[in-house]
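Structure file protein.txt (compact mmCIF, C-alpha atoms) follows.
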# COMPACT_ATOMS: atom_id res chain seq x y z
CA MET C 16 -130.23 -37.27 40.80
CA LYS C 17 -130.83 -40.87 39.69
CA HIS C 18 -134.58 -40.24 39.81
CA ILE C 19 -134.20 -37.22 37.53
CA PHE C 20 -131.99 -39.21 35.14
CA TYR C 21 -134.44 -42.13 34.88
CA THR C 22 -137.35 -39.75 34.44
CA PHE C 23 -135.49 -38.04 31.57
CA VAL C 24 -134.74 -41.42 29.93
CA LEU C 25 -138.38 -42.51 30.25
CA VAL C 26 -139.69 -39.27 28.75
CA PHE C 27 -137.15 -39.50 25.91
CA PHE C 28 -138.12 -43.13 25.23
CA MET C 29 -141.85 -42.33 25.20
CA ALA C 30 -141.29 -39.39 22.87
CA GLY C 31 -139.31 -41.64 20.55
CA CYS C 32 -142.11 -44.21 20.52
CA SER C 33 -144.73 -41.59 19.75
CA ASN C 34 -142.68 -40.37 16.78
CA ALA C 35 -142.01 -43.86 15.44
CA PRO C 36 -143.27 -44.33 11.88
CA GLN C 37 -146.63 -46.04 11.57
CA PRO C 38 -146.91 -49.23 9.53
CA PRO C 39 -148.49 -48.86 6.07
CA ILE C 40 -152.21 -48.21 6.33
CA GLN C 41 -154.59 -51.13 5.81
CA LEU C 42 -158.35 -51.34 5.38
CA ILE C 43 -158.66 -52.48 8.98
CA ASP C 44 -157.35 -49.03 9.98
CA PHE C 45 -160.23 -47.22 8.22
CA SER C 46 -162.01 -46.44 11.47
CA ASP C 47 -164.97 -44.08 11.81
CA GLU C 48 -163.36 -42.86 15.02
CA ILE C 49 -160.40 -41.40 13.09
CA SER C 50 -160.89 -38.35 10.88
CA VAL C 51 -160.81 -38.92 7.14
CA LYS C 52 -158.11 -36.24 6.94
CA LYS C 53 -155.81 -38.27 9.19
CA LEU C 54 -156.58 -41.48 7.33
CA GLY C 55 -156.05 -39.70 4.03
CA GLU C 56 -152.61 -38.54 5.14
CA ARG C 57 -151.61 -42.12 5.85
CA LEU C 58 -153.06 -43.34 2.58
CA ILE C 59 -151.19 -40.79 0.48
CA ASP C 60 -148.06 -41.49 2.54
CA LEU C 61 -147.84 -44.98 1.04
CA PRO C 62 -144.77 -45.58 -1.14
CA TYR C 63 -144.94 -45.25 -4.90
CA GLY C 64 -146.24 -48.39 -6.55
CA LEU C 65 -149.08 -50.85 -6.01
CA ASN C 66 -149.99 -51.13 -2.32
CA PRO C 67 -152.23 -53.92 -1.02
CA LEU C 68 -154.73 -52.68 1.55
CA GLU C 69 -155.50 -56.09 3.02
CA PRO C 70 -153.93 -59.55 3.27
CA ASN C 71 -154.38 -62.01 0.42
CA GLN C 72 -157.85 -63.54 0.43
CA ASP C 73 -158.43 -67.00 -1.03
CA GLU C 74 -162.04 -66.16 -1.86
CA ALA C 75 -161.16 -62.98 -3.78
CA GLN C 76 -162.15 -63.18 -7.45
CA GLU C 77 -161.37 -59.61 -8.43
CA ILE C 78 -158.55 -57.13 -8.05
CA PHE C 79 -159.72 -53.56 -7.38
CA ILE C 80 -157.18 -50.76 -7.71
CA ALA C 81 -157.82 -47.14 -6.69
CA VAL C 82 -155.68 -44.55 -8.50
CA HIS C 83 -155.50 -41.03 -7.04
CA GLY C 84 -155.43 -37.76 -8.95
CA GLY C 85 -153.04 -34.82 -8.85
CA ASN C 86 -152.17 -33.26 -5.48
CA SER C 87 -154.41 -35.74 -3.72
CA GLU C 88 -154.63 -35.61 0.07
CA GLY C 89 -156.06 -39.12 0.17
CA TYR C 90 -159.16 -38.31 2.25
CA GLU C 91 -161.48 -38.42 -0.77
CA TRP C 92 -160.75 -42.15 -1.10
CA ILE C 93 -161.52 -43.29 2.45
CA HIS C 94 -165.30 -43.68 2.14
CA PRO C 95 -165.18 -45.08 -1.43
CA ILE C 96 -162.60 -47.75 -0.60
CA LYS C 97 -164.53 -48.85 2.51
CA THR C 98 -167.78 -48.92 0.55
CA ILE C 99 -166.48 -50.80 -2.49
CA ASP C 100 -164.58 -53.42 -0.50
CA SER C 101 -166.07 -56.93 -0.36
CA LYS C 102 -164.92 -60.50 0.22
CA GLN C 103 -164.76 -60.98 -3.55
CA LYS C 104 -162.40 -58.03 -4.06
CA HIS C 105 -158.74 -57.71 -3.16
CA MET C 106 -158.25 -53.97 -2.64
CA TYR C 107 -155.17 -51.98 -3.69
CA PHE C 108 -154.12 -48.34 -3.78
CA TYR C 109 -151.77 -47.18 -6.51
CA ARG C 110 -149.49 -44.36 -5.43
CA TRP C 111 -147.70 -42.54 -8.23
CA PRO C 112 -145.76 -39.28 -8.83
CA ASP C 113 -148.67 -37.19 -10.10
CA ASN C 114 -146.57 -34.04 -10.57
CA GLY C 115 -145.21 -35.37 -13.86
CA CYS C 116 -146.39 -37.15 -16.98
CA PHE C 117 -148.46 -40.26 -16.53
CA GLN C 118 -147.16 -42.71 -19.14
CA SER C 119 -144.36 -44.39 -17.19
CA SER C 120 -146.62 -44.82 -14.15
CA ALA C 121 -149.30 -46.38 -16.36
CA VAL C 122 -146.77 -48.82 -17.81
CA GLU C 123 -145.60 -49.69 -14.29
CA LEU C 124 -149.18 -50.31 -13.14
CA ALA C 125 -149.90 -52.52 -16.15
CA ASN C 126 -146.75 -54.53 -15.36
CA GLU C 127 -147.72 -54.81 -11.69
CA ILE C 128 -151.13 -56.18 -12.67
CA ASN C 129 -149.59 -58.69 -15.06
CA ASN C 130 -147.32 -59.86 -12.25
CA LEU C 131 -150.33 -60.41 -9.99
CA LEU C 132 -152.12 -62.37 -12.69
CA SER C 133 -149.06 -64.53 -13.31
CA GLN C 134 -148.96 -65.41 -9.60
CA ASN C 135 -152.68 -66.17 -9.36
CA ASN C 136 -154.80 -67.16 -12.35
CA SER C 137 -158.04 -67.40 -10.37
CA TYR C 138 -158.92 -63.72 -10.72
CA LYS C 139 -161.91 -63.24 -12.99
CA LYS C 140 -161.71 -59.46 -13.39
CA ILE C 141 -159.44 -56.47 -12.84
CA THR C 142 -161.15 -53.19 -11.91
CA LEU C 143 -159.38 -49.84 -11.97
CA MET C 144 -160.88 -46.61 -10.68
CA GLY C 145 -159.02 -43.41 -11.46
CA HIS C 146 -160.00 -39.99 -10.17
CA SER C 147 -159.18 -36.75 -11.97
CA TYR C 148 -155.62 -37.02 -13.36
CA GLY C 149 -155.65 -40.66 -12.21
CA GLY C 150 -158.35 -41.25 -14.81
CA ILE C 151 -155.87 -40.27 -17.51
CA LEU C 152 -153.48 -42.90 -16.14
CA VAL C 153 -156.01 -45.75 -16.02
CA ALA C 154 -157.29 -44.87 -19.50
CA HIS C 155 -153.72 -45.31 -20.72
CA VAL C 156 -153.62 -48.76 -19.09
CA LEU C 157 -156.59 -49.57 -21.35
CA LYS C 158 -154.36 -48.92 -24.36
CA LEU C 159 -151.77 -51.34 -23.00
CA TRP C 160 -154.14 -54.17 -22.06
CA SER C 161 -153.53 -57.56 -23.66
CA ALA C 162 -154.27 -60.01 -20.82
CA ALA C 163 -156.99 -62.66 -21.09
CA THR C 164 -158.54 -61.42 -17.83
CA PRO C 165 -161.26 -58.79 -18.42
CA LEU C 166 -160.38 -55.21 -17.47
CA GLU C 167 -163.08 -52.82 -16.19
CA VAL C 168 -162.05 -49.17 -15.93
CA HIS C 169 -163.91 -46.38 -14.13
CA VAL C 170 -162.84 -42.77 -14.60
CA VAL C 171 -164.34 -40.24 -12.21
CA ALA C 172 -164.26 -36.47 -12.80
CA SER C 173 -161.43 -36.99 -15.24
CA PRO C 174 -160.32 -34.66 -18.09
CA LEU C 175 -160.13 -37.39 -20.73
CA LEU C 176 -160.40 -34.83 -23.51
CA GLY C 177 -157.02 -33.54 -22.37
CA THR C 178 -155.68 -30.07 -21.71
CA SER C 179 -153.20 -27.99 -23.67
CA MET C 180 -150.52 -28.72 -21.04
CA LEU C 181 -151.14 -32.48 -21.12
CA LYS C 182 -150.97 -32.50 -24.88
CA SER C 183 -147.92 -30.28 -25.27
CA ILE C 184 -145.78 -31.50 -22.37
CA CYS C 185 -146.83 -35.16 -22.06
CA GLY C 186 -147.93 -35.83 -25.63
CA TYR C 187 -151.34 -36.95 -24.43
CA GLU C 188 -153.61 -38.54 -27.01
CA PRO C 189 -157.07 -39.61 -25.82
CA ILE C 190 -158.13 -43.18 -26.33
CA GLU C 191 -160.61 -43.41 -29.22
CA MET C 192 -162.06 -46.89 -28.84
CA LEU C 193 -161.86 -49.75 -26.38
CA PRO C 194 -159.63 -52.77 -26.89
CA ASN C 195 -161.12 -56.24 -26.73
CA ASN C 196 -161.82 -57.65 -23.29
CA THR C 197 -162.18 -54.20 -21.70
CA SER C 198 -164.95 -51.85 -20.59
CA LEU C 199 -164.93 -48.16 -19.70
CA PHE C 200 -167.31 -46.24 -17.44
CA GLU C 201 -167.10 -42.44 -17.40
CA TRP C 202 -168.56 -40.69 -14.36
CA ARG C 203 -168.73 -36.99 -15.19
CA THR C 204 -169.34 -34.15 -12.79
CA GLN C 205 -171.35 -31.14 -13.90
CA HIS C 206 -168.94 -28.64 -15.41
CA GLN C 207 -170.14 -25.57 -13.50
CA LEU C 208 -170.07 -27.41 -10.14
CA ASP C 209 -166.61 -28.92 -10.42
CA SER C 210 -163.96 -26.67 -8.88
CA ALA C 211 -161.25 -28.25 -11.03
CA PHE C 212 -163.06 -27.59 -14.32
CA LYS C 213 -165.55 -24.75 -13.88
CA ASP C 214 -163.11 -22.00 -14.90
CA LEU C 215 -162.10 -23.77 -18.10
CA PRO C 216 -163.81 -22.57 -21.30
CA GLU C 217 -164.88 -26.12 -22.17
CA ASP C 218 -165.53 -29.20 -20.09
CA PRO C 219 -162.47 -31.49 -20.45
CA GLN C 220 -164.65 -34.47 -19.57
CA GLN C 221 -166.57 -34.14 -22.83
CA ILE C 222 -165.14 -36.71 -25.23
CA ASN C 223 -166.54 -39.40 -27.49
CA ILE C 224 -164.92 -42.80 -26.91
CA LYS C 225 -166.49 -45.62 -28.84
CA GLY C 226 -167.97 -48.19 -26.47
CA SER C 227 -167.70 -46.07 -23.32
CA LEU C 228 -170.66 -45.81 -20.93
CA ILE C 229 -171.27 -42.28 -19.63
CA THR C 230 -173.10 -41.12 -16.50
CA VAL C 231 -173.49 -37.46 -15.56
CA LEU C 232 -173.56 -37.04 -11.80
CA PRO C 233 -176.32 -35.04 -10.07
CA GLU C 234 -175.90 -31.59 -8.52
CA THR C 235 -175.82 -32.72 -4.89
CA TYR C 236 -174.61 -35.57 -2.71
CA LYS C 237 -175.98 -35.97 0.81
CA GLY C 238 -177.10 -32.35 0.80
CA ASN C 239 -173.77 -30.97 -0.42
CA ARG C 240 -172.68 -29.67 -3.80
CA LEU C 241 -171.42 -32.63 -5.77
CA GLY C 242 -168.05 -31.35 -6.90
CA HIS C 243 -164.68 -32.79 -7.77
CA ASN C 244 -163.79 -34.84 -4.68
CA TRP C 245 -167.27 -35.91 -3.58
CA SER C 246 -167.70 -37.54 -6.99
CA ILE C 247 -165.84 -40.71 -5.98
CA SER C 248 -168.10 -41.24 -2.97
CA TRP C 249 -171.22 -40.87 -5.09
CA VAL C 250 -169.96 -43.47 -7.58
CA ALA C 251 -169.02 -45.84 -4.75
CA ASP C 252 -172.50 -45.54 -3.22
CA GLU C 253 -174.48 -45.77 -6.45
CA ALA C 254 -172.45 -48.07 -8.73
CA PHE C 255 -170.99 -50.61 -6.36
As structure tokens, what does this structure read like?
Amino acid sequence: MKHIFYTFVLVFFMAGCSNAPQPPIQLIDFSDEISVKKLGERLIDLPYGLNPLEPNQDEAQEIFIAVHGGNSEGYEWIHPIKTIDSKQKHMYFYRWPDNGCFQSSAVELANEINNLLSQNNSYKKITLMGHSYGGILVAHVLKLWSAATPLEVHVVASPLLGTSMLKSICGYEPIEMLPNNTSLFEWRTQHQLDSAFKDLPEDPQQINIKGSLITVLPETYKGNRLGHNWSISWVADEAF
């Protein structure tokens, strides 16, 4: 009877350990031996706010922040974050409630960045990369920027022109020109190949922002159709 009891306790303990919550994902966890789907689940499971993906690095000269789009599963960011990472960059992932309007999350991100800069004045540049709806958020951070540190913003497959819903519900107004000390790079997918945009009567990526640098992505990436989610990987490979 004792043997049965101890066996039950051991099994219960092991089951409890296997169900224990994992610590927040870090770049060191981005293993090729783990599926990007699994890694993506852990990435998108991070709490709302600005999440560091690695310990502080004394040699880091730049803050890089990845900002996901609506209904993201996280997996589309695994290869780009691994590829863009370097000793000079301190990598972050910004998790935000993408099922609502973007303005308050943009204000929170801008405040988080200002807090980082106030703690460490050695950073020479802040880089934001927003995908899809996340591009709307980082473009709004552009409007708020007043720091002396240069801000570089990349929007990937993002509907910067806006949609009727964004305009009516969230009061979205596209940025028209860049503030001082900032730069904007637009990476646009091809309208007919992007599953998020192809059924819309016009391409919501098509907008004229004074000072913005525009690149139209090719039709394929590594032999696959270059659509909405693959776009981040192409930019990571080709621009960084």
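If you measure from each of C:Asn223, C:Ser248, C:Thr142, C:Ser198 to C:Phe108 using all atoms listed in the file, the closest one turns out to be C:Thr142.
Taking atom CA of C:Ile184 and atom CA of C:Gly149 as the two end points, the separation is 16.9 Å.
Among C:Thr178, C:Thr98, C:Gln76, C:Ser173, the residue with the shortest atom-to-atom distance to C:Asn135, counting all atoms listed in the file, is C:Gln76.
For the pair atom CA of C:Leu42 and atom CA of C:Val171, the interatomic distance is 21.6 Å.
You can rank C:Leu132, C:Ala75, C:Ile247, C:Cys116 by their closest distance to C:Gly145 using all atoms listed in the file, and at the top of that list sits C:Ile247.
Reported to one decimal place, the separation of atom CA of C:His243 from atom CA of C:Asp209 is 5.1 Å.
Using only C-alpha atoms, the protein and nucleic acid residues lying no more than 6 Å from C:Ile141, apart from those fewer than 3 places from it along its own chain, are Glu77, Ile78 and Leu166 of chain C.
The shortest atom-to-atom distance to C:Phe79, with all atoms listed in the file taken into account, belongs to C:Phe255 out of C:Leu61, C:Glu91, C:Phe255, C:Glu188.
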Practice problem: Find the residues near C:Glu123: any atom within 12 Å, counting only C-alpha atoms, skip ones fewer than 2 places away on the same chain, and give them as a list in words. | Solution: Tyr63, Gly64, Leu65, Tyr109, Arg110, Trp111, Pro112, Phe117, Gln118, Ser119, Ser120, Ala121, Ala125, Asn126, Glu127, Ile128, Asn129, Asn130, Leu152, Val153, His155, Val156 and Leu159 of chain C
One residue among C:Asp214, C:Pro95, C:Tyr138, C:Pro219 is nearest to C:Ile151 when using all atoms listed in the file, and that residue is C:Pro219
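Shortest separation to C:Ile96 among C:Ala251, C:Leu131, C:Leu143, C:Leu215 occurs at residue C:Ala251, atoms counted being only C-alpha atoms.
Contact shell of C:Trp92 at 10 Å (only C-alpha atoms; same-chain neighbours under 4 positions omitted): Val51, Leu54, Gly55, Leu58, Ile59, Ala81, Val82, His83, Ser87, Glu88, Ile96, Lys97, Thr98, Phe108, His146, Asn244, Trp245, Ile247, Ser248 and Ala251 of chain C.
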